[in-house]
$ cat my_file_32.pdb   # PDB, C-alpha atoms and all ligand atoms
ATOM      1  CA  MET A  10     -70.847 -17.875 -74.151  1.00  0.00           C
ATOM      2  CA  LYS A  11     -74.225 -16.380 -75.005  1.00  0.00           C
ATOM      3  CA  LEU A  12     -76.369 -15.167 -72.109  1.00  0.00           C
ATOM      4  CA  LEU A  13     -80.131 -15.651 -72.059  1.00  0.00           C
ATOM      5  CA  ILE A  14     -82.743 -14.657 -69.497  1.00  0.00           C
ATOM      6  CA  ASP A  15     -84.519 -17.546 -67.766  1.00  0.00           C
ATOM      7  CA  ASP A  16     -87.718 -15.738 -66.843  1.00  0.00           C
ATOM      8  CA  ALA A  17     -91.061 -14.516 -68.216  1.00  0.00           C
ATOM      9  CA  HIS A  18     -91.716 -11.332 -66.241  1.00  0.00           C
ATOM     10  CA  ILE A  19     -91.668  -8.670 -68.948  1.00  0.00           C
ATOM     11  CA  ASP A  20     -90.487  -5.862 -66.643  1.00  0.00           C
ATOM     12  CA  ASP A  21     -87.527  -7.950 -65.460  1.00  0.00           C
ATOM     13  CA  ILE A  22     -86.716  -8.916 -69.045  1.00  0.00           C
ATOM     14  CA  LYS A  23     -86.799  -5.267 -70.123  1.00  0.00           C
ATOM     15  CA  PHE A  24     -84.533  -4.278 -67.231  1.00  0.00           C
ATOM     16  CA  ILE A  25     -81.931  -6.951 -67.965  1.00  0.00           C
ATOM     17  CA  TYR A  26     -82.017  -6.152 -71.703  1.00  0.00           C
ATOM     18  CA  GLU A  27     -81.280  -2.517 -70.920  1.00  0.00           C
ATOM     19  CA  TYR A  28     -78.104  -3.283 -68.999  1.00  0.00           C
ATOM     20  CA  PHE A  29     -76.707  -6.573 -70.324  1.00  0.00           C
ATOM     21  CA  PRO A  30     -75.836  -8.172 -73.663  1.00  0.00           C
ATOM     22  CA  VAL A  31     -78.629 -10.718 -74.089  1.00  0.00           C
ATOM     23  CA  THR A  32     -79.233 -13.291 -76.828  1.00  0.00           C
ATOM     24  CA  GLY A  33     -82.797 -14.161 -75.884  1.00  0.00           C
ATOM     25  CA  VAL A  34     -85.214 -15.552 -73.330  1.00  0.00           C
ATOM     26  CA  THR A  35     -85.901 -19.066 -72.096  1.00  0.00           C
ATOM     27  CA  THR A  36     -89.052 -20.178 -70.347  1.00  0.00           C
ATOM     28  CA  ASN A  37     -90.392 -23.397 -68.934  1.00  0.00           C
ATOM     29  CA  PRO A  38     -93.829 -24.411 -67.631  1.00  0.00           C
ATOM     30  CA  THR A  39     -92.886 -23.479 -64.056  1.00  0.00           C
ATOM     31  CA  ILE A  40     -91.746 -20.031 -65.144  1.00  0.00           C
ATOM     32  CA  LEU A  41     -94.982 -19.527 -67.110  1.00  0.00           C
ATOM     33  CA  SER A  42     -97.041 -20.670 -64.111  1.00  0.00           C
ATOM     34  CA  LYS A  43     -95.691 -17.667 -62.189  1.00  0.00           C
ATOM     35  CA  ILE A  44     -97.411 -15.365 -64.703  1.00  0.00           C
ATOM     36  CA  GLY A  45    -100.560 -17.448 -65.230  1.00  0.00           C
ATOM     37  CA  GLY A  46    -103.299 -16.840 -67.814  1.00  0.00           C
ATOM     38  CA  ASN A  47    -102.892 -17.676 -71.491  1.00  0.00           C
ATOM     39  CA  PRO A  48     -99.201 -18.611 -71.896  1.00  0.00           C
ATOM     40  CA  PHE A  49     -99.182 -17.222 -75.432  1.00  0.00           C
ATOM     41  CA  ASP A  50    -100.182 -13.773 -74.129  1.00  0.00           C
ATOM     42  CA  THR A  51     -97.006 -13.844 -72.012  1.00  0.00           C
ATOM     43  CA  LEU A  52     -94.855 -15.287 -74.798  1.00  0.00           C
ATOM     44  CA  ARG A  53     -96.169 -12.876 -77.459  1.00  0.00           C
ATOM     45  CA  ARG A  54     -95.373  -9.968 -75.141  1.00  0.00           C
ATOM     46  CA  ILE A  55     -91.822 -11.279 -74.761  1.00  0.00           C
ATOM     47  CA  ARG A  56     -91.440 -11.893 -78.508  1.00  0.00           C
ATOM     48  CA  GLU A  57     -92.704  -8.418 -79.307  1.00  0.00           C
ATOM     49  CA  PHE A  58     -90.148  -6.868 -76.951  1.00  0.00           C
ATOM     50  CA  ILE A  59     -87.088  -8.958 -77.849  1.00  0.00           C
ATOM     51  CA  GLY A  60     -87.781  -8.868 -81.599  1.00  0.00           C
ATOM     52  CA  GLU A  61     -87.869 -11.586 -84.221  1.00  0.00           C
ATOM     53  CA  ASP A  62     -84.086 -12.067 -84.351  1.00  0.00           C
ATOM     54  CA  ALA A  63     -83.714 -12.977 -80.677  1.00  0.00           C
ATOM     55  CA  GLU A  64     -83.978 -16.512 -79.382  1.00  0.00           C
ATOM     56  CA  LEU A  65     -87.145 -17.479 -77.512  1.00  0.00           C
ATOM     57  CA  HIS A  66     -87.198 -20.970 -75.945  1.00  0.00           C
ATOM     58  CA  VAL A  67     -90.599 -22.470 -75.142  1.00  0.00           C
ATOM     59  CA  GLN A  68     -91.228 -25.921 -73.715  1.00  0.00           C
ATOM     60  CA  ALA A  69     -93.643 -28.477 -75.128  1.00  0.00           C
ATOM     61  CA  VAL A  70     -95.531 -30.377 -72.436  1.00  0.00           C
ATOM     62  CA  SER A  71     -97.278 -33.129 -74.409  1.00  0.00           C
ATOM     63  CA  LYS A  72     -96.624 -36.696 -73.318  1.00  0.00           C
ATOM     64  CA  THR A  73     -96.288 -38.555 -76.611  1.00  0.00           C
ATOM     65  CA  ALA A  74     -93.893 -37.913 -79.481  1.00  0.00           C
ATOM     66  CA  GLU A  75     -96.706 -37.298 -81.958  1.00  0.00           C
ATOM     67  CA  ASP A  76     -98.340 -34.733 -79.668  1.00  0.00           C
ATOM     68  CA  ILE A  77     -94.992 -33.061 -78.943  1.00  0.00           C
ATOM     69  CA  VAL A  78     -94.486 -32.690 -82.710  1.00  0.00           C
ATOM     70  CA  ARG A  79     -97.940 -31.105 -83.114  1.00  0.00           C
ATOM     71  CA  GLU A  80     -97.293 -28.845 -80.126  1.00  0.00           C
ATOM     72  CA  ALA A  81     -93.910 -27.781 -81.542  1.00  0.00           C
ATOM     73  CA  HIS A  82     -95.495 -26.717 -84.841  1.00  0.00           C
ATOM     74  CA  HIS A  83     -98.203 -24.831 -82.936  1.00  0.00           C
ATOM     75  CA  ILE A  84     -95.629 -22.967 -80.791  1.00  0.00           C
ATOM     76  CA  VAL A  85     -93.493 -21.944 -83.757  1.00  0.00           C
ATOM     77  CA  LYS A  86     -96.511 -20.960 -85.857  1.00  0.00           C
ATOM     78  CA  ILE A  87     -97.553 -18.471 -83.170  1.00  0.00           C
ATOM     79  CA  LEU A  88     -94.146 -17.200 -82.031  1.00  0.00           C
ATOM     80  CA  GLY A  89     -92.259 -17.218 -85.325  1.00  0.00           C
ATOM     81  CA  ALA A  90     -88.654 -17.666 -86.390  1.00  0.00           C
ATOM     82  CA  ASN A  91     -85.925 -18.114 -83.800  1.00  0.00           C
ATOM     83  CA  THR A  92     -88.318 -19.896 -81.487  1.00  0.00           C
ATOM     84  CA  TYR A  93     -86.641 -22.971 -80.018  1.00  0.00           C
ATOM     85  CA  VAL A  94     -88.976 -25.688 -78.843  1.00  0.00           C
ATOM     86  CA  LYS A  95     -87.745 -27.195 -75.602  1.00  0.00           C
ATOM     87  CA  ILE A  96     -88.309 -30.924 -75.585  1.00  0.00           C
ATOM     88  CA  PRO A  97     -87.476 -33.096 -72.577  1.00  0.00           C
ATOM     89  CA  ALA A  98     -84.579 -35.476 -73.264  1.00  0.00           C
ATOM     90  CA  VAL A  99     -86.567 -38.638 -72.563  1.00  0.00           C
ATOM     91  CA  ARG A 100     -87.638 -41.473 -74.845  1.00  0.00           C
ATOM     92  CA  GLU A 101     -90.768 -39.812 -76.303  1.00  0.00           C
ATOM     93  CA  GLY A 102     -88.846 -36.551 -76.573  1.00  0.00           C
ATOM     94  CA  PHE A 103     -86.044 -38.151 -78.599  1.00  0.00           C
ATOM     95  CA  LYS A 104     -88.614 -39.649 -80.957  1.00  0.00           C
ATOM     96  CA  ALA A 105     -90.229 -36.231 -81.373  1.00  0.00           C
ATOM     97  CA  MET A 106     -86.824 -34.611 -82.026  1.00  0.00           C
ATOM     98  CA  LYS A 107     -86.075 -37.116 -84.778  1.00  0.00           C
ATOM     99  CA  ILE A 108     -89.453 -36.546 -86.448  1.00  0.00           C
ATOM    100  CA  LEU A 109     -89.105 -32.758 -86.259  1.00  0.00           C
ATOM    101  CA  VAL A 110     -85.567 -32.775 -87.633  1.00  0.00           C
ATOM    102  CA  ASP A 111     -86.571 -35.089 -90.491  1.00  0.00           C
ATOM    103  CA  THR A 112     -89.714 -33.214 -91.435  1.00  0.00           C
ATOM    104  CA  SER A 113     -89.285 -29.561 -90.499  1.00  0.00           C
ATOM    105  CA  GLU A 114     -86.899 -26.685 -89.825  1.00  0.00           C
ATOM    106  CA  ILE A 115     -88.022 -26.376 -86.228  1.00  0.00           C
ATOM    107  CA  LEU A 116     -85.199 -25.609 -83.813  1.00  0.00           C
ATOM    108  CA  ILE A 117     -84.932 -27.823 -80.751  1.00  0.00           C
ATOM    109  CA  THR A 118     -83.539 -27.323 -77.278  1.00  0.00           C
ATOM    110  CA  ALA A 119     -83.244 -30.635 -75.449  1.00  0.00           C
ATOM    111  CA  THR A 120     -84.174 -29.935 -71.859  1.00  0.00           C
ATOM    112  CA  ALA A 121     -84.345 -31.632 -68.440  1.00  0.00           C
ATOM    113  CA  ILE A 122     -80.802 -32.905 -68.897  1.00  0.00           C
ATOM    114  CA  TYR A 123     -79.188 -34.472 -65.847  1.00  0.00           C
ATOM    115  CA  THR A 124     -76.724 -36.837 -67.557  1.00  0.00           C
ATOM    116  CA  PRO A 125     -74.170 -36.511 -70.371  1.00  0.00           C
ATOM    117  CA  MET A 126     -75.708 -39.416 -72.267  1.00  0.00           C
ATOM    118  CA  GLN A 127     -79.053 -37.595 -72.570  1.00  0.00           C
ATOM    119  CA  ALA A 128     -77.186 -34.685 -74.169  1.00  0.00           C
ATOM    120  CA  PHE A 129     -75.277 -36.960 -76.548  1.00  0.00           C
ATOM    121  CA  ILE A 130     -78.462 -38.671 -77.731  1.00  0.00           C
ATOM    122  CA  ALA A 131     -80.181 -35.301 -78.148  1.00  0.00           C
ATOM    123  CA  GLY A 132     -77.281 -34.128 -80.301  1.00  0.00           C
ATOM    124  CA  GLN A 133     -77.512 -37.236 -82.439  1.00  0.00           C
ATOM    125  CA  CYS A 134     -81.239 -36.587 -82.831  1.00  0.00           C
ATOM    126  CA  GLY A 135     -80.439 -33.138 -84.256  1.00  0.00           C
ATOM    127  CA  ALA A 136     -81.181 -30.799 -81.358  1.00  0.00           C
ATOM    128  CA  SER A 137     -79.511 -27.380 -81.504  1.00  0.00           C
ATOM    129  CA  TYR A 138     -79.013 -27.019 -77.763  1.00  0.00           C
ATOM    130  CA  ALA A 139     -78.801 -29.298 -74.734  1.00  0.00           C
ATOM    131  CA  ALA A 140     -79.745 -27.797 -71.360  1.00  0.00           C
ATOM    132  CA  PRO A 141     -78.054 -29.422 -68.354  1.00  0.00           C
ATOM    133  CA  TYR A 142     -79.623 -28.338 -65.043  1.00  0.00           C
ATOM    134  CA  VAL A 143     -76.530 -27.349 -63.091  1.00  0.00           C
ATOM    135  CA  ASN A 144     -78.048 -26.535 -59.722  1.00  0.00           C
ATOM    136  CA  ARG A 145     -80.542 -29.383 -59.725  1.00  0.00           C
ATOM    137  CA  ILE A 146     -77.701 -31.813 -60.439  1.00  0.00           C
ATOM    138  CA  ASP A 147     -75.769 -30.306 -57.504  1.00  0.00           C
ATOM    139  CA  ASN A 148     -78.817 -30.819 -55.303  1.00  0.00           C
ATOM    140  CA  MET A 149     -78.852 -34.510 -56.214  1.00  0.00           C
ATOM    141  CA  GLY A 150     -75.346 -34.839 -54.770  1.00  0.00           C
ATOM    142  CA  PHE A 151     -73.467 -34.678 -58.060  1.00  0.00           C
ATOM    143  CA  ASP A 152     -71.385 -31.923 -59.643  1.00  0.00           C
ATOM    144  CA  GLY A 153     -73.548 -29.905 -62.049  1.00  0.00           C
ATOM    145  CA  ILE A 154     -70.663 -27.849 -63.422  1.00  0.00           C
ATOM    146  CA  ARG A 155     -68.705 -30.998 -64.137  1.00  0.00           C
ATOM    147  CA  VAL A 156     -71.659 -32.615 -65.917  1.00  0.00           C
ATOM    148  CA  ALA A 157     -72.039 -29.541 -68.131  1.00  0.00           C
ATOM    149  CA  GLN A 158     -68.288 -29.577 -68.851  1.00  0.00           C
ATOM    150  CA  GLU A 159     -68.409 -33.282 -69.723  1.00  0.00           C
ATOM    151  CA  ILE A 160     -71.264 -32.632 -72.119  1.00  0.00           C
ATOM    152  CA  GLN A 161     -69.230 -29.865 -73.734  1.00  0.00           C
ATOM    153  CA  LYS A 162     -66.281 -32.264 -74.135  1.00  0.00           C
ATOM    154  CA  ILE A 163     -68.513 -34.950 -75.657  1.00  0.00           C
ATOM    155  CA  PHE A 164     -69.838 -32.485 -78.232  1.00  0.00           C
ATOM    156  CA  ILE A 165     -66.334 -31.377 -79.187  1.00  0.00           C
ATOM    157  CA  ALA A 166     -64.875 -34.931 -79.211  1.00  0.00           C
ATOM    158  CA  ASN A 167     -67.657 -36.107 -81.506  1.00  0.00           C
ATOM    159  CA  CYS A 168     -67.627 -33.034 -83.762  1.00  0.00           C
ATOM    160  CA  MET A 169     -71.286 -32.380 -82.951  1.00  0.00           C
ATOM    161  CA  GLU A 170     -72.939 -29.082 -83.824  1.00  0.00           C
ATOM    162  CA  ILE A 171     -75.219 -29.046 -80.788  1.00  0.00           C
ATOM    163  CA  GLU A 172     -74.313 -26.489 -78.114  1.00  0.00           C
ATOM    164  CA  VAL A 173     -74.636 -26.511 -74.348  1.00  0.00           C
ATOM    165  CA  ILE A 174     -77.161 -24.037 -72.966  1.00  0.00           C
ATOM    166  CA  ALA A 175     -76.463 -24.446 -69.274  1.00  0.00           C
ATOM    167  CA  ALA A 176     -79.499 -23.852 -67.056  1.00  0.00           C
ATOM    168  CA  SER A 177     -80.598 -23.874 -63.432  1.00  0.00           C
ATOM    169  CA  PHE A 178     -78.103 -21.658 -61.626  1.00  0.00           C
ATOM    170  CA  LYS A 179     -78.087 -20.600 -58.013  1.00  0.00           C
ATOM    171  CA  ASN A 180     -75.139 -18.234 -58.126  1.00  0.00           C
ATOM    172  CA  SER A 181     -72.872 -16.212 -60.399  1.00  0.00           C
ATOM    173  CA  GLN A 182     -69.817 -18.393 -59.694  1.00  0.00           C
ATOM    174  CA  GLN A 183     -71.479 -21.339 -61.454  1.00  0.00           C
ATOM    175  CA  VAL A 184     -71.988 -19.137 -64.512  1.00  0.00           C
ATOM    176  CA  LEU A 185     -68.350 -18.009 -64.410  1.00  0.00           C
ATOM    177  CA  GLU A 186     -67.080 -21.595 -64.234  1.00  0.00           C
ATOM    178  CA  LEU A 187     -68.982 -22.504 -67.394  1.00  0.00           C
ATOM    179  CA  CYS A 188     -67.891 -19.307 -69.111  1.00  0.00           C
ATOM    180  CA  LYS A 189     -64.296 -20.431 -68.521  1.00  0.00           C
ATOM    181  CA  SER A 190     -65.125 -23.751 -70.160  1.00  0.00           C
ATOM    182  CA  GLY A 191     -66.488 -21.983 -73.235  1.00  0.00           C
ATOM    183  CA  VAL A 192     -69.931 -23.552 -73.276  1.00  0.00           C
ATOM    184  CA  GLY A 193     -72.221 -22.150 -75.945  1.00  0.00           C
ATOM    185  CA  ALA A 194     -74.757 -20.435 -73.720  1.00  0.00           C
ATOM    186  CA  ALA A 195     -76.094 -20.021 -70.215  1.00  0.00           C
ATOM    187  CA  THR A 196     -79.644 -19.103 -69.310  1.00  0.00           C
ATOM    188  CA  VAL A 197     -79.797 -17.128 -66.124  1.00  0.00           C
ATOM    189  CA  ALA A 198     -82.551 -15.718 -63.895  1.00  0.00           C
ATOM    190  CA  PRO A 199     -82.632 -11.905 -63.488  1.00  0.00           C
ATOM    191  CA  ASN A 200     -81.282 -12.002 -59.910  1.00  0.00           C
ATOM    192  CA  ILE A 201     -78.239 -13.999 -61.076  1.00  0.00           C
ATOM    193  CA  PHE A 202     -77.681 -11.521 -63.944  1.00  0.00           C
ATOM    194  CA  ASN A 203     -77.420  -8.750 -61.374  1.00  0.00           C
ATOM    195  CA  ALA A 204     -75.092 -10.874 -59.231  1.00  0.00           C
ATOM    196  CA  LEU A 205     -72.733 -11.318 -62.209  1.00  0.00           C
ATOM    197  CA  ILE A 206     -71.506  -7.754 -61.725  1.00  0.00           C
ATOM    198  CA  ALA A 207     -72.266  -7.135 -58.043  1.00  0.00           C
ATOM    199  CA  ASN A 208     -69.004  -6.199 -56.328  1.00  0.00           C
ATOM    200  CA  SER A 209     -68.694  -3.438 -53.742  1.00  0.00           C
ATOM    201  CA  ALA A 210     -64.948  -3.024 -54.393  1.00  0.00           C
ATOM    202  CA  ILE A 211     -65.657  -2.132 -58.013  1.00  0.00           C
ATOM    203  CA  ASP A 212     -68.435   0.290 -56.997  1.00  0.00           C
ATOM    204  CA  ASP A 213     -66.055   1.913 -54.484  1.00  0.00           C
ATOM    205  CA  ALA A 214     -63.364   2.305 -57.160  1.00  0.00           C
ATOM    206  CA  VAL A 215     -65.792   4.042 -59.529  1.00  0.00           C
ATOM    207  CA  ASP A 216     -67.153   6.256 -56.719  1.00  0.00           C
ATOM    208  CA  ASN A 217     -63.611   7.280 -55.796  1.00  0.00           C
ATOM    209  CA  PHE A 218     -62.829   8.294 -59.385  1.00  0.00           C
ATOM    210  CA  ILE A 219     -65.964  10.456 -59.469  1.00  0.00           C
ATOM    211  CA  ALA A 220     -65.142  12.011 -56.081  1.00  0.00           C
ATOM    212  CA  ASP A 221     -61.601  12.857 -57.236  1.00  0.00           C
ATOM    213  CA  PHE A 222     -62.943  14.503 -60.386  1.00  0.00           C
ATOM    214  CA  GLU A 223     -65.556  16.492 -58.489  1.00  0.00           C
ATOM    215  CA  SER A 224     -62.880  17.609 -55.965  1.00  0.00           C
ATOM    216  CA  PHE A 225     -61.366  19.918 -58.580  1.00  0.00           C
ATOM    217  CA  ALA A 226     -64.180  20.295 -61.147  1.00  0.00           C
ATOM    218  CA  GLY A 227     -67.171  20.729 -58.868  1.00  0.00           C
ATOM    219  CA  VAL A 228     -70.075  18.532 -57.776  1.00  0.00           C
ATOM    220  CA  ASN A 229     -71.957  16.769 -60.593  1.00  0.00           C
ATOM    221  CA  LYS A 230     -69.461  18.024 -63.179  1.00  0.00           C
ATOM    222  CA  SER A 231     -68.158  15.748 -65.939  1.00  0.00           C
ATOM    223  CA  MET A 232     -65.957  16.061 -69.016  1.00  0.00           C
ATOM    224  CA  LEU A 233     -69.019  17.501 -70.756  1.00  0.00           C
ATOM    225  CA  ASP A 234     -68.512  20.684 -68.775  1.00  0.00           C
ATOM    226  CA  PHE A 235     -65.049  21.261 -70.278  1.00  0.00           C
ATOM    227  CA  SER A 236     -63.728  21.713 -73.797  1.00  0.00           C
TER     228      SER A 236
HETATM  229  C1  LIG B 301     -84.076 -24.222 -68.297  1.00  0.00           C
HETATM  230  O1  LIG B 301     -84.115 -24.900 -69.312  1.00  0.00           O
HETATM  231  C2  LIG B 301     -84.625 -24.759 -67.054  1.00  0.00           C
HETATM  232  O2  LIG B 301     -85.988 -24.950 -67.250  1.00  0.00           O
HETATM  233  C3  LIG B 301     -84.401 -23.886 -65.857  1.00  0.00           C
HETATM  234  O3  LIG B 301     -83.186 -23.211 -65.923  1.00  0.00           O
HETATM  235  C4  LIG B 301     -84.529 -24.655 -64.566  1.00  0.00           C
HETATM  236  O4  LIG B 301     -84.140 -23.822 -63.527  1.00  0.00           O
HETATM  237  P1  LIG B 301     -84.489 -24.157 -62.010  1.00  0.00           P
HETATM  238  O5  LIG B 301     -83.756 -25.412 -61.625  1.00  0.00           O
HETATM  239  O6  LIG B 301     -84.019 -22.965 -61.255  1.00  0.00           O
HETATM  240  O7  LIG B 301     -85.980 -24.344 -61.947  1.00  0.00           O
END
$ encode --input "my_file_32.pdb" --output "structure tokens"
Amino acid sequence: MKLLIDDAHIDDIKFIYEYFPVTGVTTNPTILSKIGGNPFDTLRRIREFIGEDAELHVQAVSKTAEDIVREAHHIVKILGANTYVKIPAVREGFKAMKILVDTSEILITATAIYTPMQAFIAGQCGASYAAPYVNRIDNMGFDGIRVAQEIQKIFIANCMEIEVIAASFKNSQQVLELCKSGVGAATVAPNIFNALIANSAIDDAVDNFIADFESFAGVNKSMLDFS
């Protein structure tokens, strides 16, 4: 399961990249609204930092299929290869996906997915990823993990190349559950990244090893001090 950062704050992105294996960055209009200004200034900054090989997911906000197609070309022209255009999995979005797949090489992430059927249709339209919103589905009184797992099963049962990129998490346990199911990717906010490895028992174990070493070698000593 690939891990992506669901955020646009460049300092947070840099921090997570330093400590975790990351495949790329996803954004949405709400995330970009937290930065403000020209969205391409924010997105260029992210692209420059993550490099041209990393995935950058950017949402189109136009309302008609034809405008979504024009917006998708505009986004990719500015942000380059490995930019996935997020297109809502609704009627106009499906039409736009079909046009883009038939007429271009633009990569598509079907977004705003609350039901397995949206993901199936997106896959048939040629999208590369489908993004079920785990936590938002939970908040509607359904089981977001289960929906994401069902989507994964549908893709496998129908030999579809589209992958799940699970989104909208509120805790690290949700990410773990989908990791166990082998979904293709999860996009996770920086605070959830940190929660993936937060465990005081592990920190205590490491601290105890260091204390035991220093008890005979001296404070702040390491294997570097011996040969
Ligand atoms: C990703 O595609 C979604 O836009 C995002 O993960 C939604 O997360 P939220 O429900 O925390 O806003």
$ resolve_selection --input "my_file_32.pdb" --expression "the PyMOL selection byres (((not hetatm)) within 7 of (chain B and resi 301))" --output "ChimeraX atom specification"
/A:15,35-37,120-121,140,142,144-145,176-178,196-197
$ write_last_selection --input "my_file_32.pdb" --atoms "C-alpha atoms" --output "CSV table (one decimal), in the frame of the given file"
chain,number,residue,atom,x,y,z
A,15,ASP,CA,-84.5,-17.5,-67.8
A,35,THR,CA,-85.9,-19.1,-72.1
A,36,THR,CA,-89.1,-20.2,-70.3
A,37,ASN,CA,-90.4,-23.4,-68.9
A,120,THR,CA,-84.2,-29.9,-71.9
A,121,ALA,CA,-84.3,-31.6,-68.4
A,140,ALA,CA,-79.7,-27.8,-71.4
A,142,TYR,CA,-79.6,-28.3,-65.0
A,144,ASN,CA,-78.0,-26.5,-59.7
A,145,ARG,CA,-80.5,-29.4,-59.7
A,176,ALA,CA,-79.5,-23.9,-67.1
A,177,SER,CA,-80.6,-23.9,-63.4
A,178,PHE,CA,-78.1,-21.7,-61.6
A,196,THR,CA,-79.6,-19.1,-69.3
A,197,VAL,CA,-79.8,-17.1,-66.1
$ atom_distance --input "my_file_32.pdb" --atom1 "atom CA of Ala139 of chain A" --atom2 "atom CA of Pro48 of chain A"
23.2 Å
$ atom_distance --input "my_file_32.pdb" --atom1 "atom CA of Ile154 of chain A" --atom2 "atom CA of Ile25 of chain A"
24.2 Å
$ residues_around --input "my_file_32.pdb" --residues "segment 180-182 of chain A" --least-positions-apart "6" --cutoff "8 Å" --atoms "all atoms listed in the file" --output "list in words"
Ile201, Phe202, Ala204 and Leu205 of chain A
$ residues_near_point --input "my_file_32.pdb" --point "(-71.9, -16.8, -77.5)" --cutoff "8 Å" --atoms "only C-alpha atoms" --output "VMD selection string"
chain A and resid 10 to 12 193 to 194
$ write_last_selection --input "my_file_32.pdb" --atoms "C-alpha atoms" --output "PDB file, in the coordinates of the input"
ATOM      1  CA  MET A  10     -70.847 -17.875 -74.151  1.00  0.00           C
ATOM      2  CA  LYS A  11     -74.225 -16.380 -75.005  1.00  0.00           C
ATOM      3  CA  LEU A  12     -76.369 -15.167 -72.109  1.00  0.00           C
ATOM      4  CA  GLY A 193     -72.221 -22.150 -75.945  1.00  0.00           C
ATOM      5  CA  ALA A 194     -74.757 -20.435 -73.720  1.00  0.00           C
TER       6      ALA A 194
END
$ closest_residue --input "my_file_32.pdb" --among "A:Ile206, A:Ile163, A:Val94, A:Val110" --to "His82 of chain A" --atoms "all atoms listed in the file"
A:Val94
